[in-house]
$ cat start.cif   # mmCIF, C-alpha atoms and all ligand atoms
data_upload
#
loop_
_atom_site.label_atom_id
_atom_site.label_comp_id
_atom_site.auth_asym_id
_atom_site.auth_seq_id
_atom_site.Cartn_x
_atom_site.Cartn_y
_atom_site.Cartn_z
CA MET A 138 -20.80 24.14 9.16
CA ASP A 139 -22.98 21.31 10.34
CA HIS A 140 -26.46 22.73 10.60
CA ALA A 141 -29.62 21.44 8.90
CA ILE A 142 -31.20 23.83 6.45
CA GLN A 143 -34.95 24.04 6.83
CA LYS A 144 -37.15 22.91 3.99
CA THR A 145 -39.94 25.20 2.70
CA PRO A 146 -42.22 24.66 -0.33
CA GLU A 147 -40.63 27.72 -2.01
CA ARG A 148 -37.11 26.38 -1.46
CA GLU A 149 -38.06 22.88 -2.68
CA ALA A 150 -39.58 24.40 -5.83
CA PHE A 151 -36.42 26.43 -6.39
CA TYR A 152 -34.18 23.34 -6.02
CA ARG A 153 -36.33 21.46 -8.56
CA LYS A 154 -36.10 24.37 -10.99
CA ILE A 155 -32.30 24.68 -10.85
CA ASP A 156 -31.85 20.90 -10.87
CA GLY A 157 -32.91 20.87 -14.53
CA GLU A 158 -30.04 23.23 -15.30
CA ASN A 159 -27.43 21.01 -13.58
CA LEU A 160 -27.18 23.32 -10.60
CA SER A 161 -27.56 22.59 -6.90
CA ALA A 162 -27.45 24.57 -3.67
CA LEU A 163 -24.22 24.37 -1.69
CA TRP A 164 -25.96 25.20 1.57
CA ASN A 165 -27.70 21.78 1.52
CA VAL A 166 -24.50 19.76 1.14
CA MET A 167 -21.75 21.86 2.69
CA GLY A 168 -21.77 19.88 5.97
CA ASP A 169 -21.00 16.66 4.07
CA LEU A 170 -18.32 18.27 1.88
CA ILE A 171 -16.35 20.22 4.45
CA THR A 172 -16.30 18.10 7.59
CA PRO A 173 -14.74 19.21 10.88
CA GLN A 174 -12.74 15.95 10.88
CA PRO A 175 -12.02 13.22 8.30
CA LYS A 176 -15.22 11.22 7.82
CA SER A 177 -14.50 8.16 5.69
CA PRO A 178 -16.56 5.17 4.58
CA CYS A 179 -13.26 3.20 4.84
CA ARG A 180 -13.46 0.72 7.74
CA PRO A 181 -10.86 -1.10 9.86
CA HIS A 182 -10.47 -4.69 8.70
CA LEU A 183 -8.13 -7.68 8.85
CA TRP A 184 -7.75 -10.47 6.27
CA ARG A 185 -6.26 -13.78 7.42
CA PHE A 186 -3.54 -14.95 5.07
CA ASP A 187 -4.47 -18.63 5.54
CA ALA A 188 -7.99 -17.95 4.22
CA ILE A 189 -6.73 -15.90 1.27
CA ARG A 190 -4.12 -18.56 0.53
CA SER A 191 -6.63 -21.38 0.21
CA PHE A 192 -8.99 -19.28 -1.97
CA MET A 193 -6.03 -18.39 -4.15
CA LEU A 194 -5.01 -22.01 -4.62
CA GLU A 195 -8.63 -22.68 -5.62
CA ALA A 196 -8.38 -19.78 -8.10
CA GLY A 197 -5.14 -21.38 -9.32
CA LYS A 198 -7.19 -24.32 -10.58
CA LEU A 199 -9.86 -22.10 -12.14
CA ILE A 200 -7.72 -19.76 -14.24
CA THR A 201 -4.10 -19.55 -15.36
CA ALA A 202 -1.98 -16.47 -14.66
CA LYS A 203 -1.68 -16.02 -18.41
CA GLU A 204 -5.41 -16.00 -19.08
CA ALA A 205 -6.12 -13.79 -16.06
CA GLU A 206 -3.12 -11.57 -17.02
CA ARG A 207 -2.76 -11.17 -13.25
CA ARG A 208 -4.25 -13.78 -10.90
CA VAL A 209 -5.14 -11.55 -7.99
CA LEU A 210 -7.79 -11.47 -5.29
CA ILE A 211 -8.58 -7.86 -4.45
CA LEU A 212 -8.72 -6.85 -0.78
CA GLU A 213 -11.92 -4.83 -0.78
CA ASN A 214 -12.50 -2.59 2.18
CA PRO A 215 -15.87 -3.60 3.73
CA GLY A 216 -16.94 0.07 3.61
CA LEU A 217 -15.95 0.44 -0.07
CA ARG A 218 -17.26 -2.78 -1.63
CA GLY A 219 -17.37 -2.98 -5.41
CA GLN A 220 -14.81 -0.19 -5.83
CA SER A 221 -11.60 -2.26 -5.77
CA LYS A 222 -10.19 -0.15 -2.95
CA ILE A 223 -8.60 -1.01 0.38
CA THR A 224 -8.63 2.69 1.33
CA THR A 225 -10.23 5.58 -0.53
CA SER A 226 -6.93 6.27 -2.33
CA LEU A 227 -5.25 2.85 -2.56
CA TYR A 228 -5.77 -0.58 -4.04
CA ALA A 229 -4.42 -3.83 -2.59
CA GLY A 230 -4.56 -7.43 -3.73
CA VAL A 231 -2.84 -10.76 -3.20
CA GLN A 232 -1.25 -12.27 -6.29
CA LEU A 233 -0.43 -15.92 -6.93
CA VAL A 234 2.01 -17.21 -9.53
CA MET A 235 2.07 -21.02 -9.69
CA PRO A 236 5.21 -23.01 -10.60
CA GLY A 237 5.97 -22.74 -14.29
CA GLU A 238 3.61 -19.81 -14.82
CA VAL A 239 4.21 -16.40 -16.38
CA ALA A 240 2.19 -13.20 -15.85
CA PRO A 241 2.69 -11.51 -19.24
CA ALA A 242 4.52 -8.21 -19.80
CA HIS A 243 2.47 -5.00 -19.67
CA ARG A 244 2.82 -1.44 -18.46
CA HIS A 245 0.54 1.24 -17.07
CA THR A 246 0.43 4.66 -15.45
CA GLN A 247 -0.36 3.15 -12.06
CA SER A 248 2.65 2.54 -9.80
CA ALA A 249 2.81 -0.80 -8.01
CA LEU A 250 4.56 -2.23 -5.02
CA ARG A 251 4.97 -5.92 -4.22
CA PHE A 252 5.54 -7.17 -0.71
CA ILE A 253 6.49 -10.84 -0.80
CA LEU A 254 4.44 -13.04 1.54
CA GLU A 255 5.31 -16.66 0.71
CA GLY A 256 7.64 -18.55 -1.62
CA ARG A 257 11.12 -17.71 -2.74
CA GLY A 258 12.83 -17.62 -6.07
CA ALA A 259 10.17 -16.36 -8.47
CA TYR A 260 11.12 -13.23 -10.39
CA THR A 261 9.72 -9.88 -11.43
CA ALA A 262 11.26 -8.17 -14.44
CA VAL A 263 11.17 -4.37 -14.57
CA ASP A 264 12.68 -2.27 -17.32
CA GLY A 265 14.94 -5.00 -18.68
CA GLU A 266 16.16 -6.35 -15.33
CA ARG A 267 14.97 -9.38 -13.39
CA THR A 268 14.92 -9.54 -9.62
CA VAL A 269 14.43 -12.73 -7.65
CA MET A 270 11.99 -12.28 -4.78
CA GLU A 271 12.13 -13.56 -1.19
CA PRO A 272 9.64 -13.15 1.68
CA GLY A 273 9.69 -9.61 3.10
CA ASP A 274 11.24 -8.06 -0.02
CA PHE A 275 9.70 -4.78 -1.16
CA VAL A 276 9.70 -4.54 -4.96
CA ILE A 277 8.64 -1.51 -7.04
CA THR A 278 7.13 -1.30 -10.50
CA PRO A 279 7.37 2.41 -11.40
CA SER A 280 4.72 4.15 -13.50
CA MET A 281 4.81 3.09 -17.20
CA THR A 282 7.64 0.55 -16.84
CA TRP A 283 7.27 -2.82 -18.54
CA HIS A 284 6.86 -5.62 -16.02
CA ASP A 285 6.24 -9.35 -16.05
CA HIS A 286 6.39 -12.04 -13.39
CA GLY A 287 7.47 -15.66 -13.63
CA ASN A 288 7.89 -18.61 -11.31
CA ASP A 289 10.52 -21.19 -12.28
CA THR A 290 10.49 -22.75 -8.80
CA SER A 291 8.45 -25.74 -7.60
CA GLU A 292 6.41 -23.76 -5.02
CA PRO A 293 3.51 -21.33 -5.43
CA MET A 294 4.52 -17.71 -4.86
CA PHE A 295 2.25 -15.21 -3.08
CA TRP A 296 2.73 -11.51 -2.70
CA LEU A 297 0.82 -8.40 -1.69
CA ASP A 298 0.24 -5.88 -4.48
CA GLY A 299 -0.28 -2.23 -3.52
CA LEU A 300 -1.21 0.26 -6.25
CA ASP A 301 -2.33 3.87 -6.58
CA ILE A 302 -5.24 2.82 -8.85
CA PRO A 303 -7.90 4.97 -7.07
CA MET A 304 -5.65 8.06 -7.30
CA VAL A 305 -5.04 7.58 -11.01
CA GLN A 306 -8.78 7.00 -11.42
CA PHE A 307 -9.51 10.24 -9.54
CA PHE A 308 -7.25 12.19 -11.92
CA ASP A 309 -8.53 10.34 -15.03
CA ALA A 310 -4.94 9.69 -16.03
CA SER A 311 -4.88 5.94 -16.76
CA PHE A 312 -2.91 4.59 -19.72
CA ALA A 313 -2.01 0.93 -20.18
CA GLU A 314 -0.70 -1.39 -22.87
CA GLY A 315 0.42 -4.98 -23.32
CA LEU A 316 3.79 -5.85 -24.84
CA GLY A 317 2.32 -8.72 -26.84
CA GLU A 318 5.02 -11.00 -25.40
CA ASP A 319 5.00 -13.03 -22.20
CA GLN A 320 8.41 -11.78 -21.21
CA GLN A 321 10.20 -8.54 -21.92
CA PRO A 322 13.75 -8.65 -23.30
CA ILE A 323 16.34 -8.76 -20.50
CA THR A 324 18.98 -6.09 -21.12
CA ARG A 325 20.64 -5.74 -17.72
CA PRO A 326 22.00 -8.37 -15.30
CA SER A 327 20.14 -9.12 -12.06
CA GLY A 328 21.24 -6.77 -9.29
CA ASP A 329 22.32 -4.02 -11.71
CA SER A 330 20.11 -1.26 -10.26
CA TYR A 331 21.00 -2.25 -6.68
CA ALA A 332 24.71 -2.17 -7.53
CA ARG A 333 24.42 1.31 -9.02
CA TYR A 334 22.05 2.89 -6.53
CA GLY A 335 21.83 0.69 -3.42
CA HIS A 336 25.17 1.44 -1.72
CA ASN A 337 25.07 5.17 -0.92
CA LEU A 338 26.73 5.81 -4.27
CA LEU A 339 25.14 7.29 -7.39
CA PRO A 340 26.27 7.42 -11.01
CA VAL A 341 28.15 10.74 -11.18
CA ASP A 342 26.37 12.22 -14.18
CA GLY A 343 23.13 10.31 -13.78
CA LYS A 344 20.03 12.29 -14.67
CA ARG A 345 16.72 10.73 -13.79
CA ALA A 346 13.37 12.00 -14.91
CA SER A 347 11.41 9.56 -12.77
CA GLN A 348 10.54 10.37 -9.17
CA THR A 349 10.50 6.67 -8.31
CA SER A 350 13.51 5.03 -6.68
CA PRO A 351 15.88 3.34 -9.15
CA VAL A 352 16.34 0.59 -6.54
CA PHE A 353 13.44 -1.66 -7.40
CA ASN A 354 14.05 -4.44 -4.90
CA TYR A 355 14.67 -3.57 -1.25
CA PRO A 356 15.64 -7.03 0.07
CA TYR A 357 14.25 -8.06 3.45
CA THR A 358 17.66 -9.25 4.67
CA ARG A 359 18.89 -5.63 4.48
CA THR A 360 15.73 -4.18 6.03
CA ARG A 361 15.89 -6.68 8.90
CA GLU A 362 19.59 -5.92 9.42
CA ALA A 363 18.87 -2.19 9.58
CA LEU A 364 16.13 -2.70 12.16
CA GLU A 365 18.21 -5.13 14.19
CA SER A 366 21.26 -2.82 14.28
CA ALA A 367 19.17 0.20 15.19
CA ARG A 368 17.40 -1.55 18.06
CA LYS A 369 20.65 -1.73 19.98
CA MET A 370 21.19 2.01 19.80
CA ASP A 371 17.93 3.82 19.31
CA GLU A 372 15.30 4.77 21.78
CA TRP A 373 11.91 3.36 20.98
CA ASP A 374 9.27 5.72 19.72
CA ALA A 375 6.24 5.50 22.00
CA CYS A 376 3.82 5.26 19.03
CA HIS A 377 5.83 3.39 16.41
CA GLY A 378 8.48 1.27 18.12
CA LEU A 379 11.38 1.48 15.69
CA LYS A 380 10.02 2.64 12.34
CA LEU A 381 11.92 3.32 9.12
CA ARG A 382 10.69 4.59 5.81
CA TYR A 383 11.96 3.26 2.48
CA SER A 384 13.63 6.09 0.56
CA ASN A 385 14.65 6.97 -2.97
CA PRO A 386 18.47 7.25 -2.77
CA VAL A 387 18.53 9.92 -5.50
CA THR A 388 16.11 12.37 -3.85
CA GLY A 389 15.86 11.24 -0.21
CA ASP A 390 12.08 11.33 -0.67
CA PHE A 391 9.80 8.32 -0.35
CA ALA A 392 10.71 5.40 -2.63
CA MET A 393 7.55 5.94 -4.69
CA PRO A 394 5.93 9.30 -5.50
CA THR A 395 2.37 8.24 -4.68
CA ILE A 396 2.82 5.57 -2.00
CA GLY A 397 4.86 5.81 1.21
CA THR A 398 6.30 2.51 2.47
CA PHE A 399 7.56 1.71 5.94
CA ALA A 400 9.11 -1.11 7.98
CA GLN A 401 8.83 -1.17 11.75
CA LEU A 402 10.07 -3.37 14.54
CA LEU A 403 7.99 -3.84 17.66
CA PRO A 404 10.01 -5.66 20.32
CA LYS A 405 8.47 -8.48 22.35
CA GLY A 406 6.13 -7.09 24.99
CA PHE A 407 5.97 -3.61 23.40
CA LYS A 408 2.70 -1.72 23.79
CA SER A 409 2.49 1.41 21.70
CA ALA A 410 0.95 4.70 22.71
CA ARG A 411 -2.07 5.71 20.66
CA TYR A 412 -1.57 7.47 17.34
CA ARG A 413 -3.73 8.71 14.50
CA ALA A 414 -2.95 10.23 11.12
CA THR A 415 -4.79 11.28 7.98
CA ASP A 416 -3.08 8.63 5.85
CA ALA A 417 -5.14 5.43 5.94
CA THR A 418 -2.53 2.67 6.19
CA VAL A 419 -2.30 -0.97 5.09
CA PHE A 420 -0.21 -3.16 7.40
CA ALA A 421 1.46 -6.47 6.55
CA PRO A 422 3.14 -8.18 9.52
CA ILE A 423 5.94 -10.41 8.23
CA GLU A 424 7.30 -11.70 11.57
CA GLY A 425 5.81 -12.08 15.01
CA ARG A 426 2.38 -11.99 16.56
CA GLY A 427 0.39 -9.35 18.33
CA ARG A 428 -2.71 -7.25 18.14
CA SER A 429 -3.74 -3.79 17.06
CA ARG A 430 -6.60 -1.78 18.42
CA ILE A 431 -8.15 0.37 15.70
CA GLY A 432 -10.92 2.68 16.87
CA ASP A 433 -12.99 0.41 19.14
CA GLN A 434 -12.03 -2.90 17.48
CA THR A 435 -9.13 -5.23 18.28
CA PHE A 436 -7.48 -7.35 15.58
CA GLU A 437 -5.15 -10.24 16.41
CA TRP A 438 -2.44 -10.70 13.77
CA GLY A 439 0.34 -13.06 12.81
CA PRO A 440 2.76 -13.30 9.89
CA ARG A 441 1.26 -12.47 6.46
CA ASP A 442 -2.13 -11.32 7.78
CA LEU A 443 -3.16 -7.99 6.29
CA PHE A 444 -5.02 -5.18 7.99
CA VAL A 445 -6.07 -1.63 7.30
CA VAL A 446 -6.25 1.42 9.56
CA PRO A 447 -8.55 4.14 8.14
CA SER A 448 -7.76 7.85 8.24
CA TRP A 449 -7.92 9.53 11.65
CA HIS A 450 -8.69 6.34 13.60
CA TRP A 451 -6.78 5.89 16.84
CA VAL A 452 -4.44 2.91 16.65
CA THR A 453 -2.27 1.08 19.20
CA HIS A 454 -0.10 -1.98 18.58
CA GLU A 455 1.00 -4.73 20.97
CA ALA A 456 3.62 -7.37 20.18
CA ASP A 457 3.70 -10.78 21.91
CA GLU A 458 7.02 -11.58 20.21
CA ASP A 459 9.48 -9.50 18.21
CA ALA A 460 7.35 -8.34 15.30
CA VAL A 461 8.14 -6.66 11.99
CA LEU A 462 5.36 -4.79 10.18
CA PHE A 463 5.54 -3.54 6.61
CA SER A 464 3.05 -0.79 5.83
CA PHE A 465 2.05 1.60 3.07
CA SER A 466 -0.12 4.70 2.67
CA ASP A 467 -0.67 7.78 0.51
CA ARG A 468 1.45 9.95 2.83
CA PRO A 469 3.83 11.31 0.11
CA VAL A 470 0.85 12.78 -1.74
CA GLN A 471 -0.80 14.23 1.35
CA GLN A 472 2.48 15.80 2.44
CA LYS A 473 3.06 17.40 -0.97
CA LEU A 474 -0.48 18.80 -0.88
CA ASP A 475 -0.08 20.11 2.72
CA LEU A 476 -2.88 17.79 3.85
CA PHE A 477 -1.04 15.37 6.10
CA ARG A 478 -1.84 15.64 9.78
CA GLU A 479 -0.96 13.37 12.70
CA ASP A 480 -1.84 13.26 16.35
CA ARG A 481 0.25 11.49 18.97
CA GLY A 482 -2.44 11.51 21.63
CA ASN A 483 -0.55 13.83 24.02
CA VAL A 484 2.34 11.45 24.71
FE FE B 1 0.85 -4.44 -13.81
#

$ encode --input "start.cif" --output "structure tokens" --more "lines below"
Ligand SMILES: [Fe+2]
Amino acid sequence: MDHAIQKTPEREAFYRKIDGENLSALWNVMGDLITPQPKSPCRPHLWRFDAIRSFMLEAGKLITAKEAERRVLILENPGLRGQSKITTSLYAGVQLVMPGEVAPAHRHTQSALRFILEGRGAYTAVDGERTVMEPGDFVITPSMTWHDHGNDTSEPMFWLDGLDIPMVQFFDASFAEGLGEDQQPITRPSGDSYARYGHNLLPVDGKRASQTSPVFNYPYTRTREALESARKMDEWDACHGLKLRYSNPVTGDFAMPTIGTFAQLLPKGFKSARYRATDATVFAPIEGRGRSRIGDQTFEWGPRDLFVVPSWHWVTHEADEDAVLFSFSDRPVQQKLDLFREDRGNV
């Protein structure tokens, strides 16, 4: 598929002629369209949380959350600058809500995840219910649900936003609207969705149209407990350590239809075997220190740093202390489209 087509004056004249009719020759571009392996402009990269944090506090003095609607610094992949993408299919940003601030209620087609980095006690309201957020919590805003954020504490609150913006853009399916109010009406007590859906029990006649998990806050205390209990029993996976995926209790599928989310424990001293997959993945270590080798680059990480592994790049992880990594990718979509492929490097 990858052979250069020779140029001749006759061929060049023909291309110019058809160009005026909005036609072009496949044989000149086929090698770039159908590649023998994934070939992405997405590049490996790591953002230090400390640097982002100080820029965000500076932004906090420049613009209020209300005026900005969302005060976010976008993590732009160095190979995809100007496109608001961290991978070709996903968006990521770091959001700051200062004490006393509100990010006003709106809704949109794009699904969002929050992964809490710093601060405790600020809330996100989704569909009439508020949840208070703590570091390491994974919070979901399903497609077209009203959501607003507020911080009644005395500390700034930082979290990672992950959205399927590039996917929705690709399908030209974006709808969005503001509520016209800072805060949506609260119709259900805090913890209501967790009580109904978070204990291996489901409402007996519950019918849900949405493919997103009805549990919209997966608290870190529970995730950490699950990892800690499993480490005593389970054998470590050579590539992943001990890795769990967040699931929708109603369907057993991923917690979100467009974004797969994972939590993994790498014990102190663990060195993973190499692994590659077609789902470019964003990692957010929440505990511990270590390093990851991505392709031919090595990135040292600590808590709250953020890094991205592009599609089909070999990756290995090393942990200097017990480390917990949150991560997300477009795996649910690739699996549904029969595109997902992984390679465990002959381990
Ligand atoms: Fe939003």

$ residues_near_ligand --input "start.cif" --ligand "ligand FE 1 (chain B)" --cutoff "7 Å" --atoms "only C-alpha atoms and all ligand atoms" --output "number ranges by chain"
A: 243-245, 284

$ residues_around --input "start.cif" --residues "Gly230 (chain A)" --least-positions-apart "4" --cutoff "12 Å" --atoms "only C-alpha atoms" --output "ChimeraX atom specification"
/A:184,186,189-190,193,207-214,221-223,249-254,295-302,419,421,443-444

$ residues_around --input "start.cif" --residues "Ala460 (chain A)" --least-positions-apart "4" --cutoff "7 Å" --atoms "all atoms listed in the file" --output "VMD selection string"
chain A and resid 402 to 404 424 to 426 456

$ closest_residue --input "start.cif" --among "A:Arg267, A:Arg428, A:His336, A:Lys369" --to "Asn385 (chain A)" --atoms "all atoms listed in the file"
A:His336

$ residues_around --input "start.cif" --residues "Met270 (chain A)" --least-positions-apart "4" --cutoff "9 Å" --atoms "all atoms listed in the file" --output "ChimeraX atom specification"
/A:253,256-261,274-276,354,356

$ atom_distance --input "start.cif" --atom1 "CA of Arg368 (chain A)" --atom2 "CA of Leu183 (chain A)"
27.8 Å

$ atom_distance --input "start.cif" --atom1 "CA of Asp480 (chain A)" --atom2 "CA of Gly397 (chain A)"
18.2 Å

$ closest_residue --input "start.cif" --among "A:Pro241, A:Gly157, A:Gly317, A:Pro175" --to "Thr415 (chain A)" --atoms "all atoms listed in the file"
A:Pro175

$ closest_residue --input "start.cif" --among "A:Ile423, A:Ala310, A:Ile431, A:Leu476" --to "Phe463 (chain A)" --atoms "only C-alpha atoms"
A:Ile423

$ atom_distance --input "start.cif" --atom1 "CA of Leu233 (chain A)" --atom2 "CA of Met294 (chain A)"
5.7 Å

$ axis_aligned_box --input "start.cif" --around "region 322-335 of chain A" --padding-each-side "4 Å" --output "lines of an AutoDock Vina configuration file"
center_x = 19.2
center_y = -3.1
center_z = -13.4
size_x = 19.0
size_y = 20.0
size_z = 27.9

$ closest_residue --input "start.cif" --among "A:Leu170, A:Ala367, A:Val387, A:Val461" --to "Gly273 (chain A)" --atoms "all atoms listed in the file"
A:Val461

$ closest_residue --input "start.cif" --among "A:Glu266, A:Asp459, A:Glu365, A:Glu318" --to "Gly406 (chain A)" --atoms "all atoms listed in the file"
A:Asp459

$ closest_residue --input "start.cif" --among "A:Val239, A:Ala229, A:Val446, A:Ala188" --to "Ala262 (chain A)" --atoms "all atoms listed in the file"
A:Val239
